[in-house]
Structures are given as C-alpha cells and as structure tokens.
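To keep things clear, I will list the structure first and then write my remarks on it.
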Amino acid sequence: MSAAPLVSVRDVSKIFHRGSEDISVLAELNLAVEAGEFLALMGPSGSGKSTLLNLIGGLDRPTRGSVEVDGERIDQLSERALAAWRARHVGFVFQFYNLMPVLTAERNVELPLLLTNLTKRERREHARNALAVVGLSHRLEHYPRTLSGGEQQRVGIARAIASDPTLLLCDEPTGDLDRKSGDEILSLLQTLNEEQGKTIIMVTHDPYASARASRTVHLDKGQLVADQPT
Amino acid sequence: MKYLTLIWSNLRRRQLRSVLTVLSIFVAFLLFGFLCAIREAFSAGVKLADADRLIVRHKVSLIETLPVSYGARLALLPGVRQVTHMTWFGGIYQNPKNMFASFAVEGDRFFALYPEFILPPEQQDRWQQVRHGAVIGRSLAERFHWKVGDRIPLTSPIYGQPASQPAWEFEICGIFDTSKKGADTSGMYFRYDYFDEARPRGKGAVGWYIVRSEAAVGADAVAARIDREFANSPYETKAEPEGAFAAGFVQQIGDIGSILMAVLSAVFFTILLVAGNTMSQSVRERTEEIGVLKALGFPGGLVLLFVLAESCLIALLGGLAGLGASWGLLAAGNPVPQLLPLLYVPGEALAQGALMALGLGLVAGVLPAWYALRLRTAEALRRNG
Ligand SMILES: Nc1ncnc2c1ncn2[C@@H]1O[C@H](COP(=O)(O)OP(=O)(O)OP(=O)(O)O)[C@@H](O)[C@H]1O
Ligand SMILES: [Mg+2]
C-alpha cells in the first residue's frame with residue numbers, strides 16, 4: 001500500500017452566493033496530488049481553477065466535501081489555525097506578483113518569516129538564500145517598481161519558498177510575462193520541484209507551460225475531465 | 001517590534017497624504033495647547049487662591065473705591081487677623097502698549113498678606129526707606145530688563161501724572177520671586193502713602209481690602225460679618241474668599257472654559273474625520289496587499305493591529321509635535337504679556353493631549369481595522385483578476 005497522497009480533495013463542491021443567485025463552481029470534485037508532483041491545472045476561464053487552488057491552500061472553504069493536506073483536514077480548521085497552517089505549509093505565487101510596493105525585495109521575502117521565531121539575523125539569512133535560489137542576489141535593495149516583471153515574479157517565488165513550505169501553489173505565474181521571462185520562471189519551478197522536492201500545483205492557460213509539469217489535469221464545468229501524465 | 005518597519009513603510013506610501021494628515025493633526029493639537037494655556041491663565045487665580053484670604057470690595061463693582069478708614073474698622077472685627085489694601089494704578093511705560101498691572105499697596109503689610117511672594121530682607125528694608133520706591137515681580141523685571149536701582153517713569157490712565165511733574169517716577173527697590181508655581185510675578189507694587197499724597201484726585205480712597213481670616217472662624221463666616229458691619233453705610237461692601245473673587249472675575253470675561261470646549265470639540269471632530277478618511281482610503285487601496293498578508297498566514301488580529309498602529313502613529317506624530325510646539329513656543333516667549341501675564345501649557349494639558357491623540361488614532365483606525373480584519377482573503381485577491 002502506497003503512502004497517502006499529500007493533497008486529497010474528496011467530493012468537494014463549492015457554491016458561491018451572489019445576491020439570490022447560487023453559482024455552483026465545483027461539483028463533487030476529487031483530486032489527489034502525490035508528494036513531489038508538479039501538477040498543471042488547466043481549464044477555460046471561469047471553470048474554477050483559482051477556486052480549487054484557494055481551497056487547497058486554505059484561503060477558502062468548500063461548501064461540501066473535504067480537503068486534506070499532509071494528513072490534516074484543513075476544511076475543519078478555525079480561521080486562526082488556518083492562518084498558522086498556511087504560514088507553515090504553503091507558499092503562494094500570484095499572477096500579478098503581489099509584492100508590497102513599499103518594501104525592498106529582501107524585505108518582501110522576509111515578510112512570511114516575521115511569523116516565525118527566527119531572529120532578525122536568521123530571517124535575513126533565509127531571505128537572502130531564497131533570493132539567491134531565484135538568482136536575484138544582486139537585487140536585495142530594489143523596490144518592486146524598479147524590477148522587471150520576470151524579476152518581480154522571481155521575488156514572489158522567493159517569498160513563497162522562504163519559509164520552506166512543502167506545497168507551492170501558483171496561480172498563472174507566467175500569465176503576465178513574455179515567453180522568455182515565463183520560461184525562466186517555469187525552469188525555476190521545475191528546478192524547485194526536481195532538486196528540492198517541492199510539490200507544486202500550477203494553474204495555467206498555456207499548454208507550453210503545462211508541458212513542463214509532470215502531470216496535467218483539466219477542469220471544466222466543475223469537474224476534472226481528463227487526468228494525464230506528461 | 002519586528003513589524004514596525006512594515007507599519008512605518010506604509011506611511012511612506014503616499015507621502016503627501018500622510019504629511020497633510022499629520023500636519024492637520026499637528027495644527028489641531030497646537031491649538032489645543034494654546035487654548036489650554038489660555039484657560040489655565042484665566043483660572044490660575046482660582047487655583048492659587050489662598051483659602052484664608054478675603055477680598056473686600058465695593059458692593060456695586062470693583063471699580064468703585066472704598067474709604068481708607070475702613071482698614072481700621074476691619075482690623076477690629078472678630079475673626080480678622082490681618083488687613084491691608086490695594087489700589088489699581090495701571091502703569092503705562094513709554095507707550096500704551098506697555099501697560100502692566102501695578103498697584104499702590106501698604107509697603108509694610110503687603111508681603112505679610114502675600115507670603116507667596118519672596119523678597120530679600122535688605123530689599124524690603126530699602127523699600128521702607130524710599131517713599132517713591134517700588135517692588136516688581138520677576139517676570140515683569142525680565143520683560144523690561146529692569147534692575148534694582150532703575151528709575152521708571154510711568155503714567156496712569158486713571159491718575160494721569162502727579163501735580164507739576166511729567167510722569168510718576170518710581171525707584172525699583174526690589175524684585176520678588178514666588179514660592180507658588182504659576183503665581184503671578186508680572187506686577188509692580190509701590191507705596192500707597194507716596195501715591196495718595198501725590199495723586200491729583202481721589203485722595204483717601206482705596207481699591208479694595210485684603211483680609212486674612214482666622215482659620216478657625218472660616219473665610220465665609222468672616223466675609224458675612226464684614227458685609228454686615230458695613231451694611232447701610234454709604235460704602236457697602238462685598239467680601240468674598242479669594243477663590244470666589246477670582247472665579248467671579250473669570251465669569252465676567254465670559255465662560256472661557258465652555259467656549260474653549262466648543263471650539264475644541266469642533267476642531268477635534270473635523271480632525272477625526274480627516275484622520276478616519278485617510279485611514280480608510282489607505283486601507284481600501286491596500287485591499288490586495290492585506291489579502292496577501294493574510295494568504296501568507298498573518299492572522300486577522302495581527303492585521304487589525306497593524307492598521308490601528310498605523311493610525312495611532314499618524315495621530316501621535318501630529319499630536320505630540322503639536323503639543324510640543326505649543327509648549328515650546330510659549331516657553332520661549334509670551335506673545336501677550338500685558339493681556340495674560342502667565343501663559344504656559346500646563347503639564348496635565350500635555351498629558352491629556354497625548355491621551356487624546358492616542359484616542360484619536362484608535363477611533364480613526366477602528367473602522368478601517370475592522371474592514372481589514374473581516375476582509376476575506378480569497379475575495380481580496382480576486383480583485384486583481
Ligand atoms: N467570491 C466569489 N463570489 C462569487 N462568485 C465567485 C467568487 N469567486 C469566484 N466566483 C465565480 O466562480 C467562477 C470560477 O472562478 P475562478 O476564479 O475559480 O475561475 P478561474 O478558472 O480561475 O478563471 P480564470 O482563468 O479567469 O482565472 C467564476 O464564474 C467566478 O465568477
Ligand atoms: Mg483564476
């Protein structure tokens with residue numbers, strides 16, 4: 001019997017309420033992601049990719065069903081416990097980088113470490129290491145607006161890995177980048193997956209990006225329609 | 001404290017807006033400091049009043065005089081320990097802008113009734129010898145840079161000048177200090193015997209009497225006894241404990257306290273709107289960033305604290321600077337010495353102001369902070385897409 005998957009989404013439904021209208025986005029969806037996988041999540045716009053990613057990352061709760069990550073039922077955690085859980089277990093990478101404009105690259109990467117017990121020195125060290133991994137050691141003191149899109153996204157990835165989470169969740173990380181910068185980001189993610197063993201779930205519209213993943217799943221009308229290893 | 005950089009850097013986000021908000025809070029608290037100083041100046045007399053001391057004046061008003069002969073009669077009344085009198089002179093030095101409080105007093109009794117004024121014994125002796133001598137308070141001496149031995153020519157709006165002389169001329173025999181913090185040392189006191197002899201009119205009249213009552217009898221009882229004594233005479237009196245007298249004087253000028261309160265309430269209400277508006281704008285335009293913080297695992301309570309801390313920081317920056325400036329400016333120099341000789345921001349007002357600044361920060365920040373606390377992470381991040 002093989003080990004339990006790192007992420008298991010079971011019979012999950014998600015219904016949003018907008019006014020009197022109910023919007024059913026996910027319907028009895030099941031998904032298992034093994035530790036060490038690099039999963040690409042594709043599907044048309046509005047199919048619920050971000051919604052699913054948010055459920056796995058503990059940013060939102062399912063209407064029905066369960067979400068288990070590393071043996072923990074995160075859909076049952078309190079708000080407070082969930083926040084602490086996110087800090088320890090997941091790193092988010094966003095399409096529009098979402099860096100703090102008022103903080104330098106180094107301070108941005110240090111941000112999630114403020115929630116740990118590390119000393120100032122240790123935090124700096126971790127932040128610098130993370131920036132070194134993404135190849136931005138020479139940009140520590142730069143503010144986001146002085147960095148290119150690709151560089152900003154690399155800072156975003158450094159921030160996501162700074163606290164060494166098991167799971168990286170990326171919502172269209174290359175969606176706002178040109179091919180070349182996007183390529184660099186994808187290579188970086190691949191390296192993190194292959195050399196550091198990070199489990200990655202990446203939402204993307206781009207078949208070229210999904211080709212870099214170890215498996216691709218398609219979401220349509222609230223269901224996974226195909227599940228193919230690449 | 002590791003979060004301080006984060007909070008501080010948020011203030012630098014829109015520097016102009018932060019600066020303007022801090023500036024308006026600064027101005028409000030500067031005003032607060034000044035108004036507190038003015039209120040303090042008006043009420044200082046009430047606070048410093050000596051419980052045993054009474055003021056006996058003409059029943060109709062303070063401007064009417066009393067006969068000098070009342071002194072002896074007052075001294076004979078049971079319950080009266082000491083008596084002296086004062087007469088308003090209103091000295092003008094060189095030009096009418098330089099008017100200051102000056103009084104004709106009994107040189108040998110004045111300091112006995114006002115023990116809070118301290119004059120070196122040799123200066124007191126000198127004053128007894130020089131008929132046209134005067135003693136002045138420390139702050140008056142500093143205002144005009146007068147020294148012991150100077151001869152000061154004065155005119156009076158009431159008594160003009162003495163017969164056949166261009167001006168009254170007084171020799172400064174002494175400079176007194178005070179043992180009571182906040183007591184008024186902006187006055188000049190000269191001898192009644194010289195004054196009464198030289199003045200062209202009103203001879204034999206005094207402005208009011210100062211009486212020290214026996215503590216055992218009580219100031220109120222002695223006051224009633226004095227008024228009874230002179231009832232139905234051509235000069236009926238009104239005797240009051242000093243505190244009540246000072247309070248009545250303040251009442252005449254208007255209810256300064258409530259006017260100030262009204263002005264301040266309006267000012268602070270406005271400031272509250274300004275600060276509250278700044279905070280909610282700044283939090284709303286940061287919605288995504290707050291979403292990111294929460295996604296990174298910052299608990300809602302901490303995010304709430306960030307917003308409150310930022311709001312308090314703005315309020316305290318402006319508030320403390322404003323209070324400090326009002327204190328410093330008045331400490332450096334009194335702009336209206338002739339109007340309000342004792343003008344300073346009292347310590348309680350500074351403490352009260354600091355608390356108000358903190359309160360302002362909390363109240364202005366509470367709604368935006370609540371918004372940040374309630375903000376749903378997933379929805380905050382969706383705004384982007
Ligand atoms: N908080 C919400 N309230 C109401 N409706 C929502 C909410 N969040 C998502 N939806 C709806 O759910 C559906 C799926 O949204 P989601 O963001 O998951 O799509 P997506 O697959 O990520 O799309 P895209 O590729 O455009 O990012 C959409 O129709 C969206 O309008
Ligand atoms: Mg999406």
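Following the order of the structure tokens, chains are lettered A, B, ..., residues in each are numbered from 1, and ligands are numbered from 1.
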
Problem set entry | Nearby polymer residues, ligand 2, at most 9 Å, only C-alpha atoms and all ligand atoms, as a ChimeraX atom specification | /A:45-51,53,95,171-172,203-204 /B:382,385

Can you write out the residues you just picked, keeping N, CA and C atoms, as a CSV table (one decimal), in the first residue's frame?
chain,number,residue,atom,x,y,z
A,45,SER,N,-11.5,29.9,-18.8
A,45,SER,CA,-11.7,30.9,-17.8
A,45,SER,C,-13.0,30.8,-17.1
A,46,GLY,N,-13.0,30.9,-15.8
A,46,GLY,CA,-14.2,30.8,-15.1
A,46,GLY,C,-14.6,29.3,-14.7
A,47,SER,N,-13.7,28.4,-15.0
A,47,SER,CA,-14.0,27.0,-14.7
A,47,SER,C,-13.8,26.6,-13.3
A,48,GLY,N,-13.1,27.5,-12.5
A,48,GLY,CA,-13.0,27.2,-11.1
A,48,GLY,C,-11.6,26.8,-10.7
A,49,LYS,N,-10.6,27.1,-11.5
A,49,LYS,CA,-9.2,26.8,-11.2
A,49,LYS,C,-8.7,27.5,-10.0
A,50,SER,N,-8.9,28.8,-10.0
A,50,SER,CA,-8.4,29.6,-8.8
A,50,SER,C,-9.2,29.2,-7.6
A,51,THR,N,-10.5,28.9,-7.8
A,51,THR,CA,-11.3,28.5,-6.6
A,51,THR,C,-10.7,27.2,-6.0
A,53,LEU,N,-7.7,26.0,-6.3
A,53,LEU,CA,-6.4,26.3,-5.7
A,53,LEU,C,-6.5,27.0,-4.3
A,95,GLN,N,-0.4,35.6,-10.1
A,95,GLN,CA,-0.2,36.1,-11.4
A,95,GLN,C,0.5,37.5,-11.5
A,171,ASP,N,-0.8,30.5,-9.1
A,171,ASP,CA,-2.0,30.8,-10.0
A,171,ASP,C,-1.5,31.6,-11.2
A,172,GLU,N,-1.4,31.0,-12.3
A,172,GLU,CA,-1.0,31.6,-13.5
A,172,GLU,C,0.3,32.4,-13.3
A,203,VAL,N,-1.7,26.7,-11.8
A,203,VAL,CA,-2.8,26.9,-12.7
A,203,VAL,C,-2.2,27.6,-13.9
A,204,THR,N,-2.6,27.2,-15.1
A,204,THR,CA,-2.1,27.9,-16.3
A,204,THR,C,-3.1,27.7,-17.5
B,382,ARG,N,-9.0,38.2,-5.5
B,382,ARG,CA,-9.7,38.2,-6.8
B,382,ARG,C,-9.8,39.5,-7.5
B,385,GLY,N,-7.9,39.9,-10.8
B,385,GLY,CA,-8.1,39.1,-12.0
B,385,GLY,C,-9.2,39.7,-12.9

Exercise. Would you give me, as a PyMOL selection string, the residues in range 117-227 of chain A that DSSP reads as strand (DSSP E)?
Worked result: chain A and resi 167-171+199-203+215-220+223-227

Output file for the selection above: N, CA and C atoms, as a short mmCIF file (atom, residue, chain, number, x, y, z; two decimals), in the first residue's frame:
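Resulting contents of selection.cif:
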data_model
loop_
_atom_site.label_atom_id
_atom_site.label_comp_id
_atom_site.auth_asym_id
_atom_site.auth_seq_id
_atom_site.Cartn_x
_atom_site.Cartn_y
_atom_site.Cartn_z
N LEU A 167 4.38 22.70 0.03
CA LEU A 167 3.48 22.85 -1.10
C LEU A 167 3.56 24.26 -1.67
N LEU A 168 3.77 24.33 -3.02
CA LEU A 168 3.76 25.63 -3.69
C LEU A 168 2.52 25.71 -4.56
N LEU A 169 1.74 26.77 -4.39
CA LEU A 169 0.54 26.95 -5.18
C LEU A 169 0.72 28.19 -6.05
N CYS A 170 0.68 27.99 -7.38
CA CYS A 170 0.96 29.09 -8.28
C CYS A 170 -0.25 29.32 -9.18
N ASP A 171 -0.83 30.51 -9.12
CA ASP A 171 -1.98 30.83 -9.95
C ASP A 171 -1.53 31.65 -11.15
N THR A 199 6.40 20.07 -3.82
CA THR A 199 5.19 19.70 -4.55
C THR A 199 4.58 21.00 -5.06
N ILE A 200 4.28 21.00 -6.38
CA ILE A 200 3.80 22.26 -6.97
C ILE A 200 2.47 22.02 -7.68
N ILE A 201 1.52 22.89 -7.41
CA ILE A 201 0.29 22.89 -8.20
C ILE A 201 0.23 24.24 -8.89
N MET A 202 0.16 24.21 -10.25
CA MET A 202 0.23 25.45 -11.01
C MET A 202 -0.98 25.57 -11.92
N VAL A 203 -1.72 26.65 -11.76
CA VAL A 203 -2.81 26.94 -12.68
C VAL A 203 -2.22 27.63 -13.90
N ARG A 215 2.35 16.32 -14.54
CA ARG A 215 1.01 15.81 -14.82
C ARG A 215 0.11 17.02 -15.07
N THR A 216 -0.88 16.86 -15.93
CA THR A 216 -1.81 17.95 -16.20
C THR A 216 -3.24 17.49 -15.97
N VAL A 217 -4.03 18.28 -15.30
CA VAL A 217 -5.45 17.96 -15.17
C VAL A 217 -6.26 19.11 -15.75
N HIS A 218 -7.43 18.76 -16.33
CA HIS A 218 -8.29 19.77 -16.95
C HIS A 218 -9.57 19.91 -16.16
N LEU A 219 -9.94 21.13 -15.96
CA LEU A 219 -11.15 21.40 -15.19
C LEU A 219 -12.17 21.98 -16.15
N ASP A 220 -13.38 21.42 -16.13
CA ASP A 220 -14.44 22.01 -16.94
C ASP A 220 -15.78 21.77 -16.28
N GLN A 223 -15.85 19.95 -12.96
CA GLN A 223 -15.36 18.57 -12.85
C GLN A 223 -13.99 18.46 -13.50
N LEU A 224 -13.19 17.49 -13.07
CA LEU A 224 -11.95 17.20 -13.77
C LEU A 224 -12.31 16.31 -14.95
N VAL A 225 -11.94 16.74 -16.16
CA VAL A 225 -12.34 15.96 -17.33
C VAL A 225 -11.25 15.01 -17.82
N ALA A 226 -10.05 15.31 -17.59
CA ALA A 226 -9.00 14.40 -18.02
C ALA A 226 -7.86 14.50 -17.04
N ASP A 227 -7.10 13.47 -16.96
CA ASP A 227 -6.04 13.41 -15.97
C ASP A 227 -4.91 12.65 -16.62
#

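The residue that comes closest to ligand 1, out of A:Asp75, A:Asp183, A:Glu37, A:Asp22 and on the basis of only C-alpha atoms and all ligand atoms, is A:Asp22.
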
For this session: Show me which bits of chain A are within 7 Å of chain B, counting only C-alpha atoms, as a PyMOL selection string.
Result: chain A and resi 54+59-60+80+83-84+86-87+98+100+102+112

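Using only C-alpha atoms, the protein and nucleic acid residues lying no more than 10 Å from Asp108 in chain B, apart from those fewer than 5 places from it along its own chain, are Thr84, Gln124, Asp125, Trp127, Gln128 and Arg191 of chain B.
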
Go ahead and save the picked residues with C-alpha atoms, as a short mmCIF file (atom, residue, chain, number, x, y, z; two decimals), in the first residue's frame.
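Just written: part.cif:
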data_model
loop_
_atom_site.label_atom_id
_atom_site.label_comp_id
_atom_site.auth_asym_id
_atom_site.auth_seq_id
_atom_site.Cartn_x
_atom_site.Cartn_y
_atom_site.Cartn_z
CA THR B 84 -4.23 95.62 54.01
CA GLN B 124 12.37 95.06 51.86
CA ASP B 125 14.30 97.40 54.18
CA TRP B 127 11.60 99.84 50.24
CA GLN B 128 10.61 101.01 53.72
CA ARG B 191 3.75 102.68 48.35
#

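Near His126 in chain A, within 12 Å and counting only C-alpha atoms, sit Glu106, Arg107, Val109, Glu110, Leu111, Pro112, Leu113, Leu114, Thr116, Leu118, Thr119, Lys120, Ala132, Val133, Ala158, Arg159, Ala160, Ile161, Ala162, Ser163 and Asp164 of chain A, not including residues fewer than 6 positions from it in the same chain.
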
Would you mind exporting the chosen residues as a compact mmCIF listing (two decimals), in the first residue's frame, restricted to N, CA, C and O atoms?
# COMPACT_ATOMS: atom_id res chain seq x y z
N GLU A 106 14.31 42.23 -0.53
CA GLU A 106 14.71 41.44 0.63
C GLU A 106 13.62 41.46 1.70
O GLU A 106 13.28 40.43 2.29
N ARG A 107 13.05 42.65 1.94
CA ARG A 107 12.01 42.77 2.96
C ARG A 107 10.74 42.02 2.55
O ARG A 107 10.03 41.48 3.39
N VAL A 109 10.65 39.30 0.82
CA VAL A 109 10.89 37.88 1.03
C VAL A 109 10.91 37.55 2.52
O VAL A 109 10.50 36.47 2.95
N GLU A 110 11.32 38.52 3.30
CA GLU A 110 11.39 38.32 4.75
C GLU A 110 10.00 38.25 5.38
O GLU A 110 9.82 37.68 6.46
N LEU A 111 9.03 38.84 4.68
CA LEU A 111 7.68 39.00 5.25
C LEU A 111 7.10 37.74 5.90
O LEU A 111 6.71 37.78 7.08
N PRO A 112 7.03 36.60 5.20
CA PRO A 112 6.43 35.43 5.84
C PRO A 112 7.27 34.94 7.03
O PRO A 112 6.72 34.31 7.94
N LEU A 113 8.55 35.29 7.04
CA LEU A 113 9.41 34.83 8.14
C LEU A 113 9.15 35.61 9.43
O LEU A 113 9.54 35.17 10.52
N LEU A 114 8.48 36.77 9.30
CA LEU A 114 8.15 37.53 10.50
C LEU A 114 7.25 36.72 11.42
O LEU A 114 7.20 36.96 12.62
N THR A 116 7.61 33.64 12.10
CA THR A 116 8.33 32.54 12.74
C THR A 116 9.07 33.06 13.97
O THR A 116 9.03 34.25 14.26
N LEU A 118 12.27 33.01 14.18
CA LEU A 118 13.65 33.27 13.80
C LEU A 118 14.10 34.65 14.29
O LEU A 118 13.30 35.57 14.39
N THR A 119 15.40 34.77 14.56
CA THR A 119 15.93 36.09 14.92
C THR A 119 16.08 36.91 13.65
O THR A 119 15.99 36.38 12.53
N LYS A 120 16.32 38.18 13.84
CA LYS A 120 16.46 39.07 12.71
C LYS A 120 17.57 38.57 11.77
O LYS A 120 17.41 38.55 10.55
N ALA A 132 18.83 34.10 -3.53
CA ALA A 132 19.94 33.50 -4.27
C ALA A 132 19.42 32.35 -5.14
O ALA A 132 19.82 32.19 -6.29
N VAL A 133 18.50 31.56 -4.57
CA VAL A 133 17.93 30.43 -5.33
C VAL A 133 17.27 30.92 -6.61
O VAL A 133 17.39 30.29 -7.66
N ALA A 158 10.61 33.61 -4.45
CA ALA A 158 11.50 33.59 -3.28
C ALA A 158 10.69 33.75 -2.00
O ALA A 158 10.93 33.07 -1.00
N ARG A 159 9.70 34.65 -2.04
CA ARG A 159 8.85 34.83 -0.86
C ARG A 159 8.09 33.54 -0.54
O ARG A 159 7.94 33.17 0.62
N ALA A 160 7.63 32.85 -1.61
CA ALA A 160 6.85 31.63 -1.38
C ALA A 160 7.69 30.51 -0.80
O ALA A 160 7.19 29.68 -0.05
N ILE A 161 8.99 30.47 -1.13
CA ILE A 161 9.81 29.36 -0.63
C ILE A 161 10.61 29.72 0.62
O ILE A 161 11.25 28.86 1.22
N ALA A 162 10.54 31.01 1.02
CA ALA A 162 11.40 31.47 2.12
C ALA A 162 11.20 30.66 3.39
O ALA A 162 12.14 30.33 4.10
N SER A 163 9.94 30.33 3.68
CA SER A 163 9.69 29.61 4.93
C SER A 163 9.69 28.10 4.70
O SER A 163 9.23 27.35 5.56
N ASP A 164 10.19 27.69 3.53
CA ASP A 164 10.38 26.28 3.22
C ASP A 164 9.11 25.43 3.35
O ASP A 164 9.09 24.43 4.06

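Between CA of Pro346 in chain B and CA of Leu31 in chain B the interatomic distance comes to 13.9 Å.
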